[in-house]
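Next comes my_file-v8.txt, with compact mmCIF, C-alpha atoms.
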# COMPACT_ATOMS: atom_id res chain seq x y z
CA MET E 1 -31.17 -151.84 -39.12
CA VAL E 2 -30.67 -148.18 -38.23
CA VAL E 3 -28.42 -145.56 -39.76
CA GLN E 4 -30.14 -142.28 -39.01
CA GLN E 5 -28.84 -140.77 -35.76
CA THR E 6 -27.75 -137.45 -34.29
CA VAL E 7 -24.24 -136.76 -33.03
CA GLN E 8 -23.56 -133.29 -31.55
CA GLY E 9 -26.48 -131.87 -33.50
CA ARG E 10 -25.48 -133.53 -36.78
CA ARG E 11 -28.14 -135.64 -38.47
CA TRP E 12 -26.81 -138.64 -40.42
CA PRO E 13 -28.42 -139.61 -43.73
CA SER E 14 -31.43 -141.91 -43.55
CA LEU E 15 -31.23 -145.63 -44.11
CA ILE E 16 -32.93 -145.41 -47.50
CA THR E 17 -30.35 -142.81 -48.59
CA TYR E 18 -27.48 -145.11 -47.62
CA LEU E 19 -29.07 -148.11 -49.33
CA SER E 20 -29.90 -146.14 -52.47
CA VAL E 21 -26.32 -144.90 -52.82
CA VAL E 22 -25.06 -148.44 -52.16
CA GLY E 23 -27.48 -149.74 -54.81
CA PHE E 24 -26.39 -147.15 -57.36
CA PHE E 25 -22.65 -147.87 -57.05
CA ALA E 26 -23.10 -151.64 -56.68
CA ILE E 27 -25.23 -152.00 -59.81
CA PHE E 28 -23.03 -149.51 -61.67
CA SER E 29 -20.00 -151.64 -60.79
CA THR E 30 -21.51 -154.96 -61.84
CA THR E 31 -23.12 -153.55 -64.99
CA ILE E 32 -19.98 -151.82 -66.26
CA SER E 33 -18.25 -155.20 -65.85
CA LYS E 34 -20.51 -156.79 -68.45
CA ASN E 35 -22.01 -154.14 -70.73
CA PRO E 36 -20.52 -153.56 -73.24
CA VAL E 37 -17.10 -154.85 -72.19
CA LEU E 38 -17.71 -158.53 -71.38
CA PRO E 39 -18.43 -159.91 -74.88
CA LEU E 40 -15.63 -157.77 -76.33
CA PHE E 41 -13.17 -158.89 -73.65
CA SER E 42 -14.23 -162.53 -74.09
CA SER E 43 -13.73 -162.30 -77.85
CA ALA E 44 -10.32 -160.66 -77.41
CA LEU E 45 -9.31 -163.60 -75.22
CA GLY E 46 -10.28 -166.00 -78.02
CA ALA E 47 -13.77 -167.10 -77.01
CA ASP E 48 -16.13 -168.21 -79.77
CA GLU E 49 -19.85 -167.35 -79.93
CA ALA E 50 -20.95 -170.36 -77.86
CA MET E 51 -18.41 -169.59 -75.16
CA ILE E 52 -19.44 -165.92 -75.07
CA GLY E 53 -23.06 -166.97 -74.58
CA LEU E 54 -22.11 -169.34 -71.77
CA ILE E 55 -20.04 -166.66 -70.03
CA ALA E 56 -22.96 -164.23 -70.22
CA ALA E 57 -25.40 -166.79 -68.78
CA VAL E 58 -23.32 -167.72 -65.73
CA SER E 59 -23.95 -164.58 -63.67
CA PRO E 60 -27.79 -164.79 -63.79
CA ALA E 61 -27.50 -168.45 -62.81
CA ALA E 62 -26.00 -167.34 -59.49
CA GLY E 63 -29.14 -165.34 -58.79
CA ILE E 64 -31.39 -168.27 -59.60
CA LEU E 65 -29.44 -170.64 -57.36
CA PHE E 66 -28.58 -168.43 -54.40
CA SER E 67 -31.25 -165.74 -53.90
CA PHE E 68 -33.53 -168.09 -51.95
CA PRO E 69 -30.78 -169.57 -49.72
CA VAL E 70 -29.54 -166.04 -49.06
CA GLY E 71 -33.03 -165.03 -47.94
CA VAL E 72 -33.24 -167.99 -45.57
CA MET E 73 -29.84 -167.12 -44.12
CA ALA E 74 -30.89 -163.49 -43.66
CA ASP E 75 -33.87 -164.66 -41.59
CA ARG E 76 -31.57 -166.65 -39.31
CA ILE E 77 -28.33 -164.70 -38.97
CA GLY E 78 -29.55 -161.19 -39.78
CA PRO E 79 -28.99 -159.07 -42.90
CA LYS E 80 -25.87 -157.08 -41.89
CA ARG E 81 -23.38 -159.94 -42.29
CA LEU E 82 -24.77 -160.84 -45.71
CA LEU E 83 -24.78 -157.22 -46.82
CA THR E 84 -21.11 -156.97 -45.86
CA ALA E 85 -20.33 -160.21 -47.71
CA SER E 86 -22.03 -158.81 -50.80
CA ALA E 87 -19.96 -155.61 -50.60
CA LEU E 88 -16.75 -157.65 -50.35
CA VAL E 89 -17.69 -159.59 -53.50
CA PHE E 90 -18.47 -156.36 -55.35
CA LEU E 91 -15.04 -155.03 -54.36
CA SER E 92 -12.94 -158.12 -55.05
CA ALA E 93 -14.58 -159.55 -58.19
CA PRO E 94 -13.47 -156.77 -60.62
CA LEU E 95 -9.83 -157.45 -59.68
CA LEU E 96 -10.18 -161.09 -60.74
CA TYR E 97 -10.87 -160.03 -64.35
CA LEU E 98 -7.41 -158.45 -64.41
CA LEU E 99 -5.86 -161.89 -63.87
CA VAL E 100 -7.78 -163.67 -66.64
CA ALA E 101 -5.79 -164.73 -69.70
CA ASP E 102 -8.01 -167.63 -70.82
CA PRO E 103 -11.75 -167.17 -71.53
CA LEU E 104 -12.59 -170.33 -69.57
CA TRP E 105 -11.59 -168.55 -66.37
CA LEU E 106 -14.28 -165.96 -67.01
CA ILE E 107 -16.90 -168.60 -66.14
CA PRO E 108 -15.98 -168.91 -62.41
CA VAL E 109 -15.22 -165.20 -62.21
CA ARG E 110 -18.65 -164.29 -63.58
CA PHE E 111 -20.35 -166.76 -61.24
CA PHE E 112 -18.51 -165.29 -58.27
CA HIS E 113 -19.44 -161.77 -59.39
CA GLY E 114 -23.06 -162.85 -59.77
CA LEU E 115 -23.12 -163.78 -56.08
CA ALA E 116 -22.86 -160.09 -55.22
CA THR E 117 -26.20 -159.16 -56.76
CA ALA E 118 -27.75 -162.46 -55.69
CA ILE E 119 -27.07 -161.40 -52.10
CA LEU E 120 -27.69 -157.67 -52.38
CA GLY E 121 -31.13 -157.83 -54.00
CA PRO E 122 -33.09 -159.87 -51.44
CA VAL E 123 -31.14 -158.56 -48.44
CA ALA E 124 -31.65 -154.89 -49.37
CA ALA E 125 -35.35 -155.57 -49.97
CA MET E 126 -35.66 -157.33 -46.63
CA ILE E 127 -34.04 -154.38 -44.83
CA ILE E 128 -36.31 -151.86 -46.53
CA PHE E 129 -39.48 -153.85 -45.88
CA SER E 130 -38.54 -154.32 -42.21
CA ARG E 131 -37.49 -150.73 -41.61
CA TYR E 132 -40.37 -149.05 -43.46
CA PRO E 133 -43.44 -151.22 -42.76
CA ASP E 134 -45.92 -148.52 -43.80
CA ARG E 135 -43.95 -147.22 -46.80
CA LYS E 136 -42.67 -150.43 -48.37
CA GLY E 137 -43.70 -149.56 -51.91
CA GLU E 138 -42.41 -145.99 -51.90
CA MET E 139 -39.05 -146.81 -50.31
CA SER E 140 -38.42 -149.90 -52.42
CA GLY E 141 -39.31 -147.77 -55.45
CA LEU E 142 -36.68 -145.19 -54.48
CA TYR E 143 -34.06 -147.90 -54.05
CA SER E 144 -34.98 -149.51 -57.36
CA SER E 145 -34.77 -146.17 -59.16
CA ALA E 146 -31.26 -145.67 -57.76
CA THR E 147 -30.15 -149.07 -59.07
CA LEU E 148 -31.68 -148.26 -62.47
CA ALA E 149 -29.66 -145.04 -62.57
CA GLY E 150 -26.50 -147.08 -61.98
CA ARG E 151 -27.54 -149.62 -64.59
CA THR E 152 -28.12 -146.84 -67.14
CA ALA E 153 -24.93 -144.89 -66.48
CA ALA E 154 -22.59 -147.90 -66.50
CA PRO E 155 -22.72 -148.79 -70.23
CA LEU E 156 -22.23 -145.13 -71.13
CA VAL E 157 -19.12 -144.83 -68.95
CA GLY E 158 -17.80 -148.22 -70.07
CA GLY E 159 -18.28 -147.30 -73.72
CA ILE E 160 -16.49 -143.98 -73.22
CA VAL E 161 -13.53 -145.71 -71.57
CA LEU E 162 -13.26 -148.30 -74.35
CA SER E 163 -13.54 -145.61 -77.04
CA ALA E 164 -11.00 -143.31 -75.39
CA PHE E 165 -8.38 -146.07 -75.26
CA ALA E 166 -9.34 -147.90 -78.45
CA ALA E 167 -5.93 -147.16 -79.94
CA SER E 168 -4.17 -149.01 -77.11
CA THR E 169 -2.84 -152.45 -77.86
CA GLY E 170 -3.72 -155.70 -76.15
CA LEU E 171 -6.19 -156.00 -73.30
CA PHE E 172 -5.43 -152.65 -71.66
CA PRO E 173 -8.75 -150.91 -72.51
CA TYR E 174 -10.78 -153.82 -71.11
CA ARG E 175 -8.76 -154.02 -67.93
CA LEU E 176 -9.16 -150.30 -67.45
CA VAL E 177 -12.93 -150.81 -67.39
CA TYR E 178 -12.56 -153.42 -64.66
CA ILE E 179 -10.40 -151.03 -62.65
CA ALA E 180 -13.27 -148.55 -62.96
CA ALA E 181 -15.63 -151.27 -61.69
CA PHE E 182 -13.35 -151.80 -58.68
CA LEU E 183 -13.25 -148.08 -57.90
CA ALA E 184 -17.05 -147.88 -58.09
CA ALA E 185 -17.30 -150.71 -55.56
CA VAL E 186 -15.15 -148.94 -52.95
CA PRO E 187 -17.99 -146.70 -51.69
CA VAL E 188 -20.25 -149.76 -51.55
CA LEU E 189 -18.11 -151.36 -48.86
CA LEU E 190 -17.50 -148.09 -47.02
CA LEU E 191 -21.21 -147.27 -46.83
CA VAL E 192 -22.27 -150.80 -45.91
CA LEU E 193 -19.87 -150.70 -42.95
CA ARG E 194 -21.60 -147.51 -41.76
CA ILE E 195 -24.98 -149.24 -41.64
CA GLU E 196 -25.52 -150.37 -38.09
CA ASP E 197 -27.68 -153.16 -36.76
CA GLY E 198 -30.70 -152.06 -34.79
CA PRO E 199 -33.41 -153.85 -32.78
CA ASP E 200 -35.45 -154.52 -35.92
CA ALA E 201 -32.51 -156.29 -37.57
CA ARG E 202 -32.18 -159.09 -35.02
CA PRO E 203 -32.63 -162.56 -36.53
CA ALA E 204 -36.25 -163.61 -36.36
CA ALA E 205 -35.81 -167.35 -36.65
CA GLY E 206 -32.78 -168.08 -34.50
CA GLY E 207 -29.17 -168.27 -35.56
CA ALA E 208 -29.03 -171.82 -36.89
CA VAL E 209 -28.80 -172.44 -40.64
CA SER E 210 -29.21 -176.01 -41.87
CA LEU E 211 -30.49 -178.00 -44.81
CA ARG E 212 -33.64 -178.63 -42.81
CA SER E 213 -34.24 -174.90 -42.42
CA PHE E 214 -33.92 -174.42 -46.19
CA GLY E 215 -36.40 -177.23 -46.81
CA GLU E 216 -38.87 -175.92 -44.26
CA SER E 217 -38.75 -172.41 -45.70
CA LEU E 218 -39.20 -173.69 -49.25
CA ALA E 219 -42.14 -175.89 -48.23
CA SER E 220 -43.75 -172.99 -46.36
CA PHE E 221 -43.43 -170.76 -49.40
CA GLY E 222 -44.84 -173.40 -51.76
CA LYS E 223 -47.89 -173.99 -49.57
CA ASN E 224 -48.85 -170.32 -49.46
CA ARG E 225 -51.05 -169.66 -52.49
CA LEU E 226 -50.72 -165.88 -52.22
CA LEU E 227 -46.93 -165.99 -52.09
CA LEU E 228 -46.70 -168.52 -54.90
CA SER E 229 -49.12 -166.66 -57.18
CA THR E 230 -47.23 -163.40 -56.56
CA ALA E 231 -43.96 -165.10 -57.51
CA LEU E 232 -45.61 -166.29 -60.73
CA VAL E 233 -46.62 -162.68 -61.44
CA GLU E 234 -42.99 -161.63 -61.07
CA MET E 235 -41.86 -164.50 -63.31
CA ALA E 236 -44.39 -163.68 -66.04
CA THR E 237 -43.47 -159.98 -65.94
CA TYR E 238 -39.75 -160.59 -66.31
CA PHE E 239 -40.38 -163.36 -68.83
CA ALA E 240 -42.01 -160.68 -71.00
CA PHE E 241 -39.33 -158.12 -70.14
CA GLY E 242 -36.53 -160.47 -71.19
CA ILE E 243 -38.25 -161.07 -74.52
CA PHE E 244 -38.90 -157.37 -75.04
CA GLU E 245 -35.32 -156.23 -74.45
CA THR E 246 -33.79 -159.10 -76.44
CA TRP E 247 -36.06 -159.44 -79.46
CA LEU E 248 -37.51 -155.96 -80.00
CA PRO E 249 -34.17 -154.57 -81.30
CA LEU E 250 -33.87 -157.43 -83.81
CA TYR E 251 -37.49 -156.97 -84.90
CA LEU E 252 -36.99 -153.22 -85.40
CA VAL E 253 -33.70 -153.63 -87.28
CA ALA E 254 -35.43 -156.09 -89.63
CA ALA E 255 -38.18 -153.49 -90.13
CA GLY E 256 -35.59 -150.83 -91.07
CA THR E 257 -35.55 -148.80 -87.86
CA PRO E 258 -32.25 -146.90 -87.30
CA GLU E 259 -30.10 -148.16 -84.45
CA TYR E 260 -29.93 -144.75 -82.76
CA LEU E 261 -33.72 -144.68 -82.49
CA ILE E 262 -33.75 -148.14 -80.92
CA GLY E 263 -31.26 -146.96 -78.31
CA LEU E 264 -33.34 -143.84 -77.66
CA LEU E 265 -36.58 -145.71 -77.06
CA PHE E 266 -34.90 -148.08 -74.59
CA ALA E 267 -33.40 -145.07 -72.79
CA LEU E 268 -36.89 -143.55 -72.58
CA GLN E 269 -38.23 -146.83 -71.25
CA VAL E 270 -35.62 -147.00 -68.47
CA LEU E 271 -36.32 -143.36 -67.63
CA ALA E 272 -40.05 -144.08 -67.39
CA ILE E 273 -39.43 -146.99 -65.02
CA ALA E 274 -37.00 -145.04 -62.83
CA LEU E 275 -39.24 -141.97 -62.51
CA SER E 276 -42.48 -143.88 -61.96
CA LYS E 277 -41.43 -146.49 -59.39
CA PRO E 278 -41.41 -144.23 -56.31
CA PHE E 279 -44.79 -142.78 -57.34
CA PHE E 280 -46.40 -146.14 -58.07
CA GLY E 281 -44.92 -147.50 -54.85
CA ALA E 282 -46.42 -144.68 -52.81
CA VAL E 283 -49.80 -145.23 -54.48
CA SER E 284 -49.70 -148.94 -53.61
CA ASP E 285 -48.92 -148.07 -49.97
CA ARG E 286 -52.08 -145.97 -49.78
CA THR E 287 -54.55 -147.79 -52.01
CA GLY E 288 -53.51 -151.46 -51.87
CA ARG E 289 -51.37 -153.62 -54.12
CA ARG E 290 -53.50 -156.41 -55.56
CA THR E 291 -55.47 -154.25 -58.00
CA GLN E 292 -52.29 -152.47 -59.07
CA ILE E 293 -50.56 -155.79 -59.72
CA VAL E 294 -53.43 -157.12 -61.86
CA LEU E 295 -53.77 -153.89 -63.87
CA GLY E 296 -50.03 -153.72 -64.41
CA LEU E 297 -49.81 -157.34 -65.55
CA LEU E 298 -52.65 -156.85 -68.03
CA ALA E 299 -50.91 -153.72 -69.31
CA VAL E 300 -47.70 -155.73 -69.75
CA ALA E 301 -49.66 -158.23 -71.85
CA ALA E 302 -51.31 -155.53 -73.96
CA CYS E 303 -48.08 -153.65 -74.67
CA ILE E 304 -45.97 -156.63 -75.68
CA ALA E 305 -48.78 -158.04 -77.84
CA ALA E 306 -48.97 -154.65 -79.61
CA VAL E 307 -45.31 -154.71 -80.69
CA PRO E 308 -45.86 -156.35 -84.12
CA LEU E 309 -48.78 -154.07 -85.02
CA SER E 310 -46.58 -151.24 -86.32
CA ALA E 311 -42.92 -150.36 -86.72
CA ALA E 312 -43.62 -146.62 -86.97
CA ALA E 313 -41.38 -144.68 -84.61
CA PRO E 314 -44.13 -142.90 -82.61
CA VAL E 315 -46.07 -146.14 -82.12
CA VAL E 316 -43.04 -148.19 -81.09
CA THR E 317 -41.86 -145.46 -78.71
CA ALA E 318 -45.31 -145.29 -77.10
CA VAL E 319 -45.38 -149.08 -76.74
CA ALA E 320 -41.88 -149.15 -75.21
CA VAL E 321 -42.66 -146.42 -72.69
CA GLY E 322 -46.05 -147.99 -71.91
CA PHE E 323 -44.39 -151.35 -71.39
CA GLY E 324 -41.87 -149.77 -69.01
CA LEU E 325 -44.64 -148.12 -66.99
CA ALA E 326 -46.53 -151.43 -66.84
CA VAL E 327 -43.44 -153.27 -65.60
CA SER E 328 -42.92 -150.54 -63.01
CA LEU E 329 -46.55 -150.80 -61.88
CA VAL E 330 -46.20 -154.54 -61.27
CA THR E 331 -42.71 -154.90 -59.86
CA VAL E 332 -42.87 -152.07 -57.34
CA SER E 333 -45.90 -153.82 -55.80
CA THR E 334 -44.96 -157.51 -55.88
CA GLY E 335 -42.07 -157.36 -53.42
CA ALA E 336 -43.98 -155.12 -51.03
CA TYR E 337 -47.02 -157.40 -51.28
CA VAL E 338 -44.89 -160.45 -50.43
CA ALA E 339 -43.60 -158.51 -47.40
CA ASP E 340 -47.20 -157.72 -46.43
CA ILE E 341 -48.30 -161.36 -46.36
CA ALA E 342 -45.11 -163.19 -45.32
CA THR E 343 -44.51 -163.92 -41.67
CA ARG E 344 -41.72 -162.02 -39.91
CA GLN E 345 -39.78 -165.28 -39.56
CA GLU E 346 -39.93 -166.01 -43.28
CA LEU E 347 -39.56 -162.52 -44.79
CA GLY E 348 -36.05 -163.07 -46.14
CA ALA E 349 -36.90 -166.51 -47.52
CA SER E 350 -40.02 -165.17 -49.24
CA VAL E 351 -38.19 -162.23 -50.81
CA GLY E 352 -35.34 -164.52 -51.84
CA ALA E 353 -37.71 -167.00 -53.47
CA LEU E 354 -39.37 -164.13 -55.33
CA SER E 355 -35.98 -163.01 -56.64
CA SER E 356 -35.00 -166.54 -57.76
CA ILE E 357 -38.27 -167.07 -59.62
CA MET E 358 -37.93 -163.62 -61.22
CA ASP E 359 -34.47 -164.58 -62.52
CA ILE E 360 -35.88 -167.81 -63.96
CA GLY E 361 -38.48 -165.85 -65.90
CA HIS E 362 -35.97 -163.25 -67.08
CA ALA E 363 -33.48 -165.87 -68.25
CA SER E 364 -35.98 -168.22 -69.92
CA GLY E 365 -38.00 -165.59 -71.79
CA PRO E 366 -35.50 -164.85 -74.59
CA LEU E 367 -34.78 -168.56 -75.06
CA VAL E 368 -38.44 -169.57 -75.35
CA ALA E 369 -39.23 -166.63 -77.61
CA GLY E 370 -36.30 -167.51 -79.85
CA ILE E 371 -37.76 -170.97 -80.40
CA VAL E 372 -41.25 -169.60 -81.03
CA ILE E 373 -40.09 -166.79 -83.32
CA GLY E 374 -37.90 -169.19 -85.28
CA SER E 375 -40.85 -171.48 -85.99
CA ALA E 376 -43.87 -169.13 -86.09
CA GLY E 377 -42.61 -165.56 -86.53
CA TYR E 378 -42.48 -162.38 -84.47
CA ALA E 379 -46.25 -161.93 -84.07
CA VAL E 380 -46.62 -165.25 -82.27
CA GLY E 381 -43.35 -164.72 -80.41
CA PHE E 382 -44.64 -161.50 -78.85
CA LEU E 383 -48.13 -162.93 -78.32
CA ALA E 384 -46.84 -165.84 -76.20
CA PRO E 385 -45.68 -163.70 -73.23
CA ALA E 386 -48.90 -161.70 -73.47
CA LEU E 387 -50.96 -164.87 -73.09
CA LEU E 388 -48.79 -166.02 -70.19
CA ALA E 389 -49.13 -162.67 -68.40
CA SER E 390 -52.92 -162.71 -68.88
CA ALA E 391 -53.20 -166.28 -67.58
CA VAL E 392 -51.09 -165.47 -64.52
CA ALA E 393 -53.23 -162.39 -63.83
CA VAL E 394 -56.30 -164.63 -63.72
CA LEU E 395 -54.48 -167.12 -61.50
CA PHE E 396 -53.45 -164.31 -59.14
CA VAL E 397 -57.05 -163.12 -58.82
CA VAL E 398 -58.35 -166.65 -58.24
CA ALA E 399 -55.69 -167.36 -55.59
CA GLY E 400 -56.66 -164.19 -53.75
CA ARG E 401 -60.36 -165.05 -53.80
CA ARG E 402 -59.73 -168.60 -52.58
CA GLU E 403 -57.59 -167.31 -49.76
CA ARG E 404 -60.25 -164.77 -48.81
CA ASP E 405 -63.04 -167.37 -48.98
CA GLY E 406 -60.98 -169.78 -46.88
CA ALA E 407 -60.41 -167.08 -44.26
CA VAL E 408 -64.14 -166.36 -44.12
CA GLU E 409 -65.01 -170.05 -43.71
CA GLY E 410 -62.43 -170.40 -40.95
CA ARG E 411 -64.06 -167.75 -38.77

Would you mind writing the file out in structure tokens?
Amino acid sequence: MVVQQTVQGRRWPSLITYLSVVGFFAIFSTTISKNPVLPLFSSALGADEAMIGLIAAVSPAAGILFSFPVGVMADRIGPKRLLTASALVFLSAPLLYLLVADPLWLIPVRFFHGLATAILGPVAAMIIFSRYPDRKGEMSGLYSSATLAGRTAAPLVGGIVLSAFAASTGLFPYRLVYIAAFLAAVPVLLLVLRIEDGPDARPAAGGAVSLRSFGESLASFGKNRLLLSTALVEMATYFAFGIFETWLPLYLVAAGTPEYLIGLLFALQVLAIALSKPFFGAVSDRTGRRTQIVLGLLAVAACIAAVPLSAAAPVVTAVAVGFGLAVSLVTVSTGAYVADIATRQELGASVGALSSIMDIGHASGPLVAGIVIGSAGYAVGFLAPALLASAVAVLFVVAGRRERDGAVEGR
């Protein structure tokens, strides 16, 4: 996959620049479609609380179901076709919201829209890992920071649009947001079409895609202890992250913390993640990833367990920023580490499986914590993900030692 070239002395932008701009606009487009407009639009259409929750859960379900199959397909037909398909979904999905007059129709629309990110995530990662074999962490960190910038800007723009047209009657303000989402997706398609296939983008496992190929890839992933333990690291990290972003605001409101301060500390957390990912990625490229993953996962555990210790603003802000840095330390290394140990023929499948398992952790964390907090309180609710992260860190270390010992015995 090559973009950088020279025509009559003109040097085109690098591949990572193209992908980062694509990531920014793509995630901006999909985020502005849901935050904060989606629950408000659903309610305006007549949806009750249960329906609103179901509508919100549909899009992540697409990632859980399709990230792994998308990775397998990328191994066999190449990433360019899938990247183009993702761009077409990003462009067309916002227009479907304009046609919705019944909240039930938001369910298939949200699922269809979720396919865009389910495809983009693993395919973009596969391209980066293939194109930058010696700088996987740094380049994936740059791409991730670009998507975080889009994710941060989208709610601000969406909120401004809704506020500016709040006096309008009917569904006009909401539909205007979805028009903005469509416009943001236009450069996604235009830039994806400029990305050209190169020698390193040729399918590594042949062009055939079948149920057997999906089964073989899944079995291969499950048998690899290093890949499986790394996926569990990703799951535990996002399990904790889902709990943190869902339940910390409710905990702080109950403790009397002003809403503006809660918004500020989450903004600082996102900023910490975005600024640190390229740096942490570059460090992992030079010094190795396993130690960084273990230290980051233990830091995740320590930070989320520390949440109930104090509701004082300086302490909570430090914990939130520390948690963001810990998440950054782990997640910028896990994908690159999977790319390090996966075979060339199974790179897409491995990255796709990692993405699916991550989505499972992210989606299940708030639900599990809600049950625990409801029965045992916030202290236990925040301790549970800390214990899980610590246990997975131990499992990750043990899996690495067993693999190393097995390699030594096999010599």

Practice item. Could you jot down the atom CA of E:Leu40 to atom CA of E:Ala116 separation for me, Å, one decimal place? Key: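 Value for the atom CA of E:Leu40-atom CA of E:Ala116 distance: 22.4 Å.
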
Point to revise | Proximity to E:Val321 - best of E:Ile127, E:Val300, E:Leu252, E:Ala26, all atoms listed in the file | key: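 When distances to E:Val321 are compared using all atoms listed in the file, the smallest one comes from E:Val300.
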
**Study point:** stretch 184-197 of chain E surroundings by only C-alpha atoms, 9 Å radius, close-in-sequence under 2 positions cut, as an MDAnalysis selection string
**Key:** chainID E and resid 1:3 15 18:19 21:26 28:30 78:80 83:84 86:88 90:92 94 179:182 199:202

Check your understanding: What separation in Å, quoted to one decimal, exists between atom CA of E:Arg290 and atom CA of E:Ala305?
Key -> 22.8 Å

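Remark: for E:Gly348, the closest of the candidate residues E:Phe111, E:Leu142, E:Ser217, E:Asp48 is E:Ser217 (distances computed over only C-alpha atoms).
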
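A straight line drawn from atom CA of E:Leu162 to atom CA of E:Ile119 is 29.3 Å long.
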
**Study point:** From E:Phe239, E:Phe266, E:Phe129, E:Phe244, residue lying nearest E:Ile341 [all atoms listed in the file]
**Key:** E:Phe129

**Study point:** Nearby residues (all atoms listed in the file) at most 6 Å from stretch 373-389 of chain E, same-chain spacing under 4 positions excluded, as a list in words
**Key:** Ala236, Ala240, Ala301, Ile304, Ala305, Pro308 and Ala369 of chain E

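Closest approach to E:Ile357 among E:Ala61, E:Ala154, E:Val161, E:Val72: E:Ala61, based on only C-alpha atoms.
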
Review point. Which one of E:Thr291, E:Thr117, E:Ser276, E:Ser168 sits closest to E:Leu65 if you count only C-alpha atoms?
Key: E:Thr117

Revision key, fill the gap. Of E:Val157, E:Ala149, E:Leu232, E:Val37, the one sitting nearest E:Met358 when using only C-alpha atoms is E:Leu232

**Study point:** Near-E:Gly141 list (6 Å; only C-alpha atoms; drop same-chain fewer than 5 positions) as a list in words
**Key:** Lys277, Pro278, Gly281 and Val332 of chain E

Practice item. Would you kindly return, as JSON, numbers by chain, each protein, DNA or RNA residue with an atom no farther than 12 Å from any atom of E:Arg110, considering all atoms listed in the file and excluding same-chain residues fewer than 3 positions away? Key: {"E": [30, 31, 33, 34, 38, 42, 52, 54, 55, 56, 57, 58, 59, 60, 61, 62, 63, 89, 90, 92, 93, 94, 95, 96, 97, 100, 103, 104, 105, 106, 107, 113, 114, 115, 116, 117]}
